[in-house]
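As stored in query.txt (compact mmCIF, C-alpha atoms and all ligand atoms):
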# COMPACT_ATOMS: atom_id res chain seq x y z
CA MET A 1 89.02 56.12 -15.64
CA ALA A 2 85.87 56.79 -17.61
CA LYS A 3 85.73 54.98 -20.91
CA SER A 4 85.86 57.34 -23.87
CA ILE A 5 82.51 58.64 -25.03
CA ASP A 6 81.93 58.13 -28.75
CA PRO A 7 80.95 61.55 -30.20
CA ASP A 8 79.17 59.87 -33.11
CA ARG A 9 76.78 58.16 -30.69
CA TRP A 10 76.64 60.75 -27.92
CA CYS A 11 75.89 64.45 -27.95
CA GLU A 12 77.03 66.71 -25.13
CA GLY A 13 73.91 68.54 -24.02
CA ARG A 14 73.39 71.36 -21.52
CA VAL A 15 70.95 71.32 -18.63
CA VAL A 16 68.34 74.06 -18.98
CA ASP A 17 66.62 73.39 -15.65
CA LEU A 18 65.66 70.77 -13.12
CA ARG A 19 62.16 70.81 -11.68
CA GLN A 20 61.56 68.97 -8.45
CA TRP A 21 58.01 67.59 -8.09
CA THR A 22 58.48 65.61 -4.83
CA ASP A 23 61.47 64.44 -2.80
CA LYS A 24 62.00 61.69 -5.41
CA LEU A 25 60.53 62.94 -8.69
CA PHE A 26 62.22 65.37 -11.08
CA SER A 27 61.89 66.72 -14.61
CA ILE A 28 65.07 67.68 -16.36
CA ARG A 29 65.15 69.84 -19.48
CA VAL A 30 68.15 69.63 -21.74
CA GLU A 31 69.37 71.35 -24.89
CA ALA A 32 71.07 68.84 -27.18
CA ASP A 33 71.43 68.45 -30.91
CA VAL A 34 69.97 64.95 -31.20
CA GLN A 35 68.30 63.18 -34.11
CA SER A 36 64.56 63.58 -34.47
CA PHE A 37 62.42 61.00 -32.69
CA ILE A 38 58.88 59.65 -32.83
CA ALA A 39 56.66 60.48 -29.85
CA GLY A 40 56.83 57.59 -27.36
CA GLN A 41 60.47 56.75 -28.08
CA PHE A 42 63.37 56.90 -25.65
CA THR A 43 67.03 57.80 -25.76
CA LYS A 44 69.84 57.36 -23.25
CA LEU A 45 71.24 59.87 -20.79
CA GLY A 46 74.79 59.58 -19.52
CA LEU A 47 76.98 61.20 -16.87
CA ILE A 48 80.44 60.52 -15.57
CA VAL A 49 79.95 59.30 -12.01
CA GLU A 50 83.05 58.53 -9.94
CA ASP A 51 85.15 58.22 -13.11
CA GLU A 52 82.70 55.83 -14.76
CA PHE A 53 80.40 56.74 -17.64
CA VAL A 54 76.92 55.66 -16.50
CA GLU A 55 74.15 55.54 -19.10
CA ARG A 56 70.46 54.61 -18.77
CA PRO A 57 67.41 54.76 -21.05
CA TYR A 58 64.94 57.63 -20.60
CA SER A 59 61.73 58.38 -22.50
CA TYR A 60 61.18 61.74 -24.13
CA VAL A 61 58.38 63.68 -22.45
CA ASN A 62 58.51 66.60 -24.88
CA ALA A 63 56.79 66.14 -28.22
CA PRO A 64 59.13 65.84 -31.22
CA HIS A 65 58.32 69.42 -32.31
CA GLU A 66 59.13 70.86 -28.86
CA GLN A 67 62.42 72.18 -27.48
CA PRO A 68 64.16 71.77 -25.09
CA LEU A 69 64.21 68.01 -24.56
CA GLU A 70 62.44 66.90 -21.39
CA PHE A 71 62.83 63.78 -19.24
CA TYR A 72 60.94 62.72 -16.09
CA PHE A 73 62.77 60.60 -13.55
CA VAL A 74 62.47 59.05 -10.10
CA THR A 75 65.49 58.71 -7.85
CA VAL A 76 66.21 55.07 -7.22
CA PRO A 77 67.81 54.26 -3.85
CA ASP A 78 71.55 53.82 -4.52
CA GLY A 79 70.88 54.22 -8.24
CA PRO A 80 74.17 55.34 -9.77
CA LEU A 81 72.74 57.69 -12.37
CA THR A 82 69.66 59.18 -10.75
CA GLY A 83 71.52 60.42 -7.65
CA ALA A 84 73.97 62.31 -9.88
CA MET A 85 71.16 63.75 -12.03
CA THR A 86 69.52 65.41 -9.02
CA ARG A 87 72.71 67.41 -8.39
CA LEU A 88 72.82 68.95 -11.87
CA LYS A 89 72.53 72.72 -12.27
CA PRO A 90 71.53 74.85 -15.29
CA GLY A 91 74.44 74.96 -17.74
CA ASP A 92 75.95 71.63 -16.61
CA ALA A 93 76.81 69.02 -19.22
CA ILE A 94 74.79 65.82 -19.69
CA TRP A 95 75.27 63.31 -22.46
CA VAL A 96 72.33 62.37 -24.67
CA MET A 97 72.40 59.51 -27.14
CA ARG A 98 71.89 60.97 -30.59
CA LYS A 99 69.75 58.17 -31.98
CA PRO A 100 66.33 57.44 -30.48
CA THR A 101 64.93 53.92 -30.05
CA GLY A 102 61.76 52.18 -28.97
CA PHE A 103 58.47 50.91 -30.28
CA LEU A 104 56.00 52.43 -27.85
CA THR A 105 54.79 54.66 -30.67
CA LEU A 106 51.54 55.11 -32.54
CA ASP A 107 53.24 53.77 -35.69
CA GLU A 108 53.05 50.37 -34.01
CA VAL A 109 49.40 50.72 -33.04
CA PRO A 110 46.63 49.74 -35.49
CA ASP A 111 43.50 51.86 -35.82
CA ALA A 112 40.68 51.42 -33.31
CA ARG A 113 37.93 53.56 -31.79
CA HIS A 114 39.54 53.96 -28.39
CA LEU A 115 43.13 54.24 -27.28
CA TRP A 116 44.01 53.24 -23.70
CA MET A 117 47.35 54.30 -22.21
CA LEU A 118 48.16 52.58 -18.92
CA SER A 119 51.19 53.74 -16.92
CA THR A 120 52.87 53.50 -13.54
CA GLY A 121 55.19 56.13 -12.07
CA THR A 122 57.50 57.90 -14.50
CA ALA A 123 56.13 55.91 -17.44
CA ILE A 124 53.44 58.53 -17.95
CA GLY A 125 56.18 60.47 -19.79
CA PRO A 126 56.09 58.82 -23.23
CA PHE A 127 52.27 58.98 -23.24
CA LEU A 128 52.36 62.74 -22.65
CA SER A 129 54.78 63.10 -25.54
CA ILE A 130 52.35 61.19 -27.78
CA LEU A 131 49.32 63.17 -26.57
CA LYS A 132 51.05 66.46 -27.33
CA THR A 133 51.12 65.48 -31.02
CA GLU A 134 48.09 65.62 -33.32
CA ASN A 135 48.38 61.96 -34.34
CA ALA A 136 46.43 60.37 -31.47
CA TRP A 137 43.64 62.91 -31.83
CA GLN A 138 43.36 62.35 -35.56
CA ARG A 139 43.17 58.57 -35.20
CA PHE A 140 41.13 57.75 -32.09
CA GLU A 141 37.69 58.84 -30.95
CA HIS A 142 38.61 58.62 -27.24
CA VAL A 143 41.89 58.46 -25.37
CA VAL A 144 42.03 57.14 -21.81
CA LEU A 145 45.23 57.86 -19.86
CA ALA A 146 45.65 55.95 -16.58
CA HIS A 147 48.46 57.00 -14.24
CA ALA A 148 49.15 54.77 -11.24
CA VAL A 149 51.24 56.10 -8.36
CA ARG A 150 51.69 55.33 -4.69
CA LEU A 151 50.79 58.81 -3.32
CA ALA A 152 48.64 61.64 -4.69
CA SER A 153 51.64 64.01 -4.59
CA GLU A 154 53.23 61.81 -7.30
CA LEU A 155 50.56 62.74 -9.86
CA SER A 156 52.82 65.19 -11.70
CA PHE A 157 52.07 67.13 -14.92
CA SER A 158 48.69 68.45 -13.84
CA GLU A 159 49.14 71.48 -16.17
CA THR A 160 49.59 69.20 -19.18
CA ILE A 161 46.62 67.03 -18.16
CA THR A 162 44.45 70.11 -17.65
CA SER A 163 45.40 71.51 -21.03
CA LEU A 164 44.54 68.18 -22.72
CA ASN A 165 41.21 68.14 -20.86
CA ASP A 166 40.49 71.71 -21.98
CA ARG A 167 41.36 70.92 -25.55
CA TYR A 168 39.54 67.58 -25.83
CA PRO A 169 36.84 67.67 -23.12
CA ASP A 170 34.68 64.94 -24.69
CA ARG A 171 37.47 62.75 -25.97
CA PHE A 172 40.12 62.65 -23.24
CA ARG A 173 39.69 60.74 -19.95
CA PHE A 174 42.44 60.96 -17.33
CA ILE A 175 42.11 58.26 -14.67
CA PRO A 176 44.46 58.63 -11.68
CA PHE A 177 45.28 55.64 -9.48
CA VAL A 178 46.68 56.27 -5.98
CA SER A 179 47.46 53.00 -4.26
CA ARG A 180 48.70 53.97 -0.79
CA GLU A 181 46.31 56.64 0.45
CA ASP A 182 42.65 57.54 0.14
CA THR A 183 41.64 60.44 -2.09
CA HIS A 184 38.25 61.64 -3.25
CA PHE A 185 39.22 61.44 -6.93
CA ALA A 186 41.53 58.48 -7.64
CA ILE A 187 41.01 54.73 -7.84
CA ARG A 188 42.75 53.13 -4.85
CA ALA A 189 44.02 49.93 -6.47
CA ARG A 190 46.55 48.57 -8.89
CA ILE A 191 45.69 48.79 -12.60
CA PRO A 192 45.17 45.03 -13.26
CA VAL A 193 42.87 44.74 -10.23
CA ALA A 194 40.77 47.68 -11.42
CA ILE A 195 40.48 46.08 -14.84
CA GLU A 196 39.38 42.79 -13.32
CA ASP A 197 36.74 44.33 -11.07
CA GLY A 198 35.52 46.80 -13.73
CA ARG A 199 36.46 50.02 -11.88
CA LEU A 200 38.72 51.37 -14.61
CA GLU A 201 36.15 50.96 -17.36
CA ARG A 202 33.31 52.32 -15.19
CA LYS A 203 35.34 55.43 -14.44
CA ALA A 204 36.28 55.86 -18.11
CA GLY A 205 32.72 55.18 -19.29
CA LEU A 206 34.17 52.92 -21.99
CA GLN A 207 34.90 49.23 -22.33
CA ILE A 208 38.09 47.51 -23.35
CA THR A 209 37.25 45.06 -26.13
CA PRO A 210 39.27 43.54 -28.99
CA GLU A 211 36.84 45.10 -31.47
CA GLN A 212 37.13 48.68 -30.23
CA SER A 213 40.36 49.10 -28.31
CA GLN A 214 44.09 49.52 -28.60
CA VAL A 215 46.00 49.42 -25.33
CA MET A 216 49.49 50.75 -24.65
CA ILE A 217 51.08 49.71 -21.34
CA CYS A 218 54.29 51.11 -19.86
CA GLY A 219 56.21 51.09 -16.58
CA ASN A 220 56.71 48.62 -13.76
CA PRO A 221 57.32 45.24 -15.45
CA ASP A 222 55.12 43.39 -12.97
CA MET A 223 52.25 45.76 -13.75
CA VAL A 224 52.87 45.33 -17.49
CA LYS A 225 52.85 41.56 -17.17
CA ALA A 226 49.75 41.34 -14.98
CA THR A 227 47.79 43.86 -17.05
CA GLN A 228 48.68 42.13 -20.27
CA ALA A 229 47.63 38.74 -18.86
CA MET A 230 44.31 40.21 -17.70
CA LEU A 231 43.59 41.68 -21.13
CA GLN A 232 44.68 38.53 -22.95
CA GLU A 233 42.01 36.66 -21.00
CA ARG A 234 39.52 39.03 -22.66
CA GLY A 235 40.80 38.18 -26.14
CA LEU A 236 43.24 41.04 -26.72
CA THR A 237 46.57 39.97 -28.22
CA ARG A 238 50.07 41.47 -28.49
CA ASN A 239 50.71 43.67 -31.50
CA ARG A 240 53.30 42.18 -33.80
CA ARG A 241 54.23 43.74 -37.11
CA ARG A 242 53.10 40.63 -39.03
CA THR A 243 50.12 39.88 -36.84
CA PRO A 244 48.49 43.04 -35.59
CA GLY A 245 46.75 42.74 -32.23
CA HIS A 246 45.76 45.15 -29.50
CA LEU A 247 48.54 45.45 -26.90
CA THR A 248 51.74 47.52 -27.23
CA VAL A 249 54.02 47.42 -24.20
CA GLU A 250 57.29 48.74 -22.75
CA ASN A 251 59.00 47.70 -19.51
CA TYR A 252 61.04 50.30 -17.58
CA TRP A 253 63.32 47.80 -15.89
C1 LIG A 301 62.97 51.73 -22.29
C2 LIG A 301 63.19 52.37 -20.94
C3 LIG A 301 62.80 53.69 -20.72
C4 LIG A 301 62.97 54.26 -19.45
N1 LIG A 301 62.53 55.53 -19.24
C5 LIG A 301 62.61 56.04 -17.99
C6 LIG A 301 62.08 57.34 -17.71
O1 LIG A 301 61.59 58.05 -18.60
N2 LIG A 301 62.14 57.78 -16.42
C7 LIG A 301 62.68 57.03 -15.40
O2 LIG A 301 62.68 57.46 -14.24
N3 LIG A 301 63.20 55.82 -15.65
C8 LIG A 301 63.18 55.32 -16.91
N4 LIG A 301 63.71 54.11 -17.16
C9 LIG A 301 64.49 53.48 -16.06
C10 LIG A 301 65.88 54.12 -16.07
O3 LIG A 301 66.57 53.73 -17.24
C11 LIG A 301 66.75 53.73 -14.88
O4 LIG A 301 66.69 52.36 -14.61
C12 LIG A 301 66.38 54.44 -13.60
O5 LIG A 301 66.33 55.84 -13.78
C13 LIG A 301 67.35 54.17 -12.48
O6 LIG A 301 68.70 54.36 -12.86
P1 LIG A 301 69.80 54.08 -11.79
O7 LIG A 301 71.11 54.00 -12.43
O8 LIG A 301 69.70 55.17 -10.75
O9 LIG A 301 69.40 52.66 -11.15
P2 LIG A 301 69.18 51.25 -11.86
O10 LIG A 301 70.30 50.40 -11.42
O11 LIG A 301 68.99 51.41 -13.33
O12 LIG A 301 67.78 50.77 -11.22
C14 LIG A 301 67.68 49.99 -10.00
C15 LIG A 301 66.23 49.48 -9.73
O13 LIG A 301 65.36 50.59 -9.49
C16 LIG A 301 64.02 50.31 -9.94
N5 LIG A 301 63.62 51.30 -10.98
C17 LIG A 301 64.34 51.66 -12.09
N6 LIG A 301 63.68 52.61 -12.79
C18 LIG A 301 62.54 52.87 -12.12
C19 LIG A 301 61.44 53.76 -12.35
N7 LIG A 301 61.40 54.61 -13.41
N8 LIG A 301 60.42 53.75 -11.45
C20 LIG A 301 60.45 52.94 -10.36
N9 LIG A 301 61.45 52.08 -10.10
C21 LIG A 301 62.48 52.04 -10.95
C22 LIG A 301 64.09 48.91 -10.49
O14 LIG A 301 63.73 47.99 -9.45
C23 LIG A 301 65.57 48.75 -10.87
O15 LIG A 301 65.97 47.41 -10.95
C24 LIG A 301 63.57 53.51 -18.41
C25 LIG A 301 64.01 52.22 -18.66
C26 LIG A 301 63.81 51.63 -19.89
C27 LIG A 301 64.29 50.21 -20.12
N1 LIG A 302 64.17 48.12 -4.99
C1 LIG A 302 63.20 47.70 -5.72
O1 LIG A 302 63.11 46.52 -6.08
C2 LIG A 302 62.19 48.67 -6.15
C3 LIG A 302 61.08 48.25 -6.90
C4 LIG A 302 60.16 49.20 -7.30
C5 LIG A 302 60.35 50.53 -6.96
N2 LIG A 302 61.42 50.89 -6.24
C6 LIG A 302 61.65 52.28 -5.86
O2 LIG A 302 60.49 52.86 -5.28
C7 LIG A 302 60.41 54.23 -5.65
C8 LIG A 302 59.12 54.63 -6.22
O3 LIG A 302 58.77 53.85 -7.31
P1 LIG A 302 57.37 54.19 -7.99
O4 LIG A 302 56.36 54.40 -6.91
O5 LIG A 302 57.55 55.28 -8.98
O6 LIG A 302 57.05 52.90 -8.81
P2 LIG A 302 56.22 51.60 -8.47
O7 LIG A 302 56.74 50.92 -7.27
O8 LIG A 302 56.20 50.84 -9.74
O9 LIG A 302 54.73 52.09 -8.08
C9 LIG A 302 53.87 52.82 -8.98
C10 LIG A 302 52.49 52.22 -8.95
O10 LIG A 302 52.53 50.91 -9.51
C11 LIG A 302 51.88 50.00 -8.63
N3 LIG A 302 52.42 48.66 -8.74
C12 LIG A 302 53.53 48.17 -8.14
N4 LIG A 302 53.68 46.87 -8.44
C13 LIG A 302 52.64 46.53 -9.23
C14 LIG A 302 52.22 45.32 -9.85
N5 LIG A 302 52.90 44.17 -9.68
N6 LIG A 302 51.10 45.33 -10.58
C15 LIG A 302 50.39 46.45 -10.73
N7 LIG A 302 50.72 47.62 -10.17
C16 LIG A 302 51.83 47.66 -9.42
C17 LIG A 302 52.08 50.59 -7.25
O11 LIG A 302 51.11 50.05 -6.38
P3 LIG A 302 51.47 49.60 -4.85
O12 LIG A 302 51.49 50.85 -4.04
O13 LIG A 302 50.34 48.68 -4.51
O14 LIG A 302 52.81 48.90 -4.86
C18 LIG A 302 51.92 52.06 -7.54
O15 LIG A 302 50.55 52.41 -7.55
C19 LIG A 302 61.57 54.46 -6.55
O16 LIG A 302 62.58 55.05 -5.79
C20 LIG A 302 61.96 53.09 -7.04
O17 LIG A 302 63.29 53.02 -7.38
C21 LIG A 302 62.32 49.98 -5.84
What's the structure tokens form of this structure?
Amino acid sequence: MAKSIDPDRWCEGRVVDLRQWTDKLFSIRVEADVQSFIAGQFTKLGLIVEDEFVERPYSYVNAPHEQPLEFYFVTVPDGPLTGAMTRLKPGDAIWVMRKPTGFLTLDEVPDARHLWMLSTGTAIGPFLSILKTENAWQRFEHVVLAHAVRLASELSFSETITSLNDRYPDRFRFIPFVSREDTHFAIRARIPVAIEDGRLERKAGLQITPEQSQVMICGNPDMVKATQAMLQERGLTRNRRRTPGHLTVENYW
């Protein structure tokens, strides 16, 4: 039997729609009366799957001022929750944790000239939430958003990227990475490799330095670790509340 779901912690939301981007990538929009969050934070989604309540963390993709709530997910082979999420229909119930959590937010990031946001896969989501708020644009001269995926078809959210480009043509740089096929527009490499050989900075037309840069990194934990190590060699340090540095990170698993 499913364990009982605490109504103080969980809100029963309703699916508004499910958008399928590829065979494995989906956006789900949900109406739910949750507490307000800071852009970049995550919550948890839960469903009863085979009599068990299964819950997992998911980042908000919508900005805090936007409704409905939006989440971007990849189906994991044999993943208990993601398989069930792909079968949801408009009007179905989905549980959303009321209280948000997470520190991948601009509140944790000191001022600098340039903000770099480095993501793999579905971890572009929290960065889009942040970039849909005014905060980043009030605080940083340039914002570079890198999105690393295996195939070009996995570069979702082109409408959002285009609208950011239109709004901030001189200040926003979107750098796609496609690692498993050639394209005429993307870097074919992994993020840490393209930092080491200078391709990322050449494409952005900016340099990553401790004096000028803040870097947020999110997604595949091996990418996070390798990227962080690469940037630490250049003198960038982890941001801690008592000792501000330059790197703010979140692992997705
Ligand atoms: C803070 C935080 C925020 C997260 N936000 C998101 C989000 O916005 N979107 C999202 O899709 N996932 C996100 N995740 C991962 C998510 O919570 C689940 O792990 C994932 O959706 C799979 O759930 P599952 O039950 O199907 O399989 P699980 O048993 O949870 O995962 C099995 C394995 O699949 C791989 N995996 C898990 N998540 C991903 C992923 N996103 N991309 C590639 N491989 C993955 C890992 O190897 C993992 O060990 C987040 C995780 C954390 C910790
Ligand atoms: N079973 C597992 O252990 C496992 C692990 C990861 C993903 N998956 C599954 O694979 C599917 C797709 O995942 P995804 O493509 O969204 O995520 P992903 O495997 O994290 O790939 C996204 C991007 O990150 C790159 N990357 C992978 N490892 C890296 C590292 N160590 N350092 C730097 N960059 C790295 C990939 O490059 P490359 O193309 O060079 O790898 C790719 O460009 C999902 O279904 C997921 O569940 C399974």
Residue contacts of Leu155 (chain A) (9 Å, all atoms listed in the file) excluding same-chain residues fewer than 4 positions away, as number ranges by chain
A: 121, 147-149, 151, 176-178
Distance limit 9 Å, reference ligand LIG 301 (chain A), atoms considered: all atoms listed in the file. Which residues make the cut? Give them as a PyMOL selection string.
chain A and resi 25-26+41-45+54-61+71-85+101-102+104+120-126+218-220+250-253
Record the distance separating atom O2 of ligand LIG 302 (chain A) and CA of Ile208 (chain A), expressed in Å with one decimal.
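For atom O2 of ligand LIG 302 (chain A) relative to CA of Ile208 (chain A), the distance reads 29.3 Å.
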My list of candidates is A:Thr243, A:Gln35, A:Ser156, A:Thr248. Which is closest to ligand LIG 302 (chain A) when distances are computed with all atoms listed in the file?
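Ranked by minimum distance to ligand LIG 302 (chain A), first place goes to A:Ser156.
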Residue nearest ligand LIG 302 (chain A) among A:Asp197, A:Asp51, A:Asp23, A:Glu66 (counting all atoms listed in the file):
A:Asp23
Enclose all atoms of ligand LIG 302 (chain A) listed in the file in an axis-aligned box, grow every side by 6 Å, and hand back centre and edge lengths in Å to one decimal, as AutoDock Vina command-line options.
--center_x 57.3 --center_y 49.7 --center_z -7.4 --size_x 25.8 --size_y 23.1 --size_z 18.7
Residue contacts of Glu196 (chain A) (12 Å, all atoms listed in the file) excluding same-chain residues fewer than 2 positions away, as a count of residues only
22
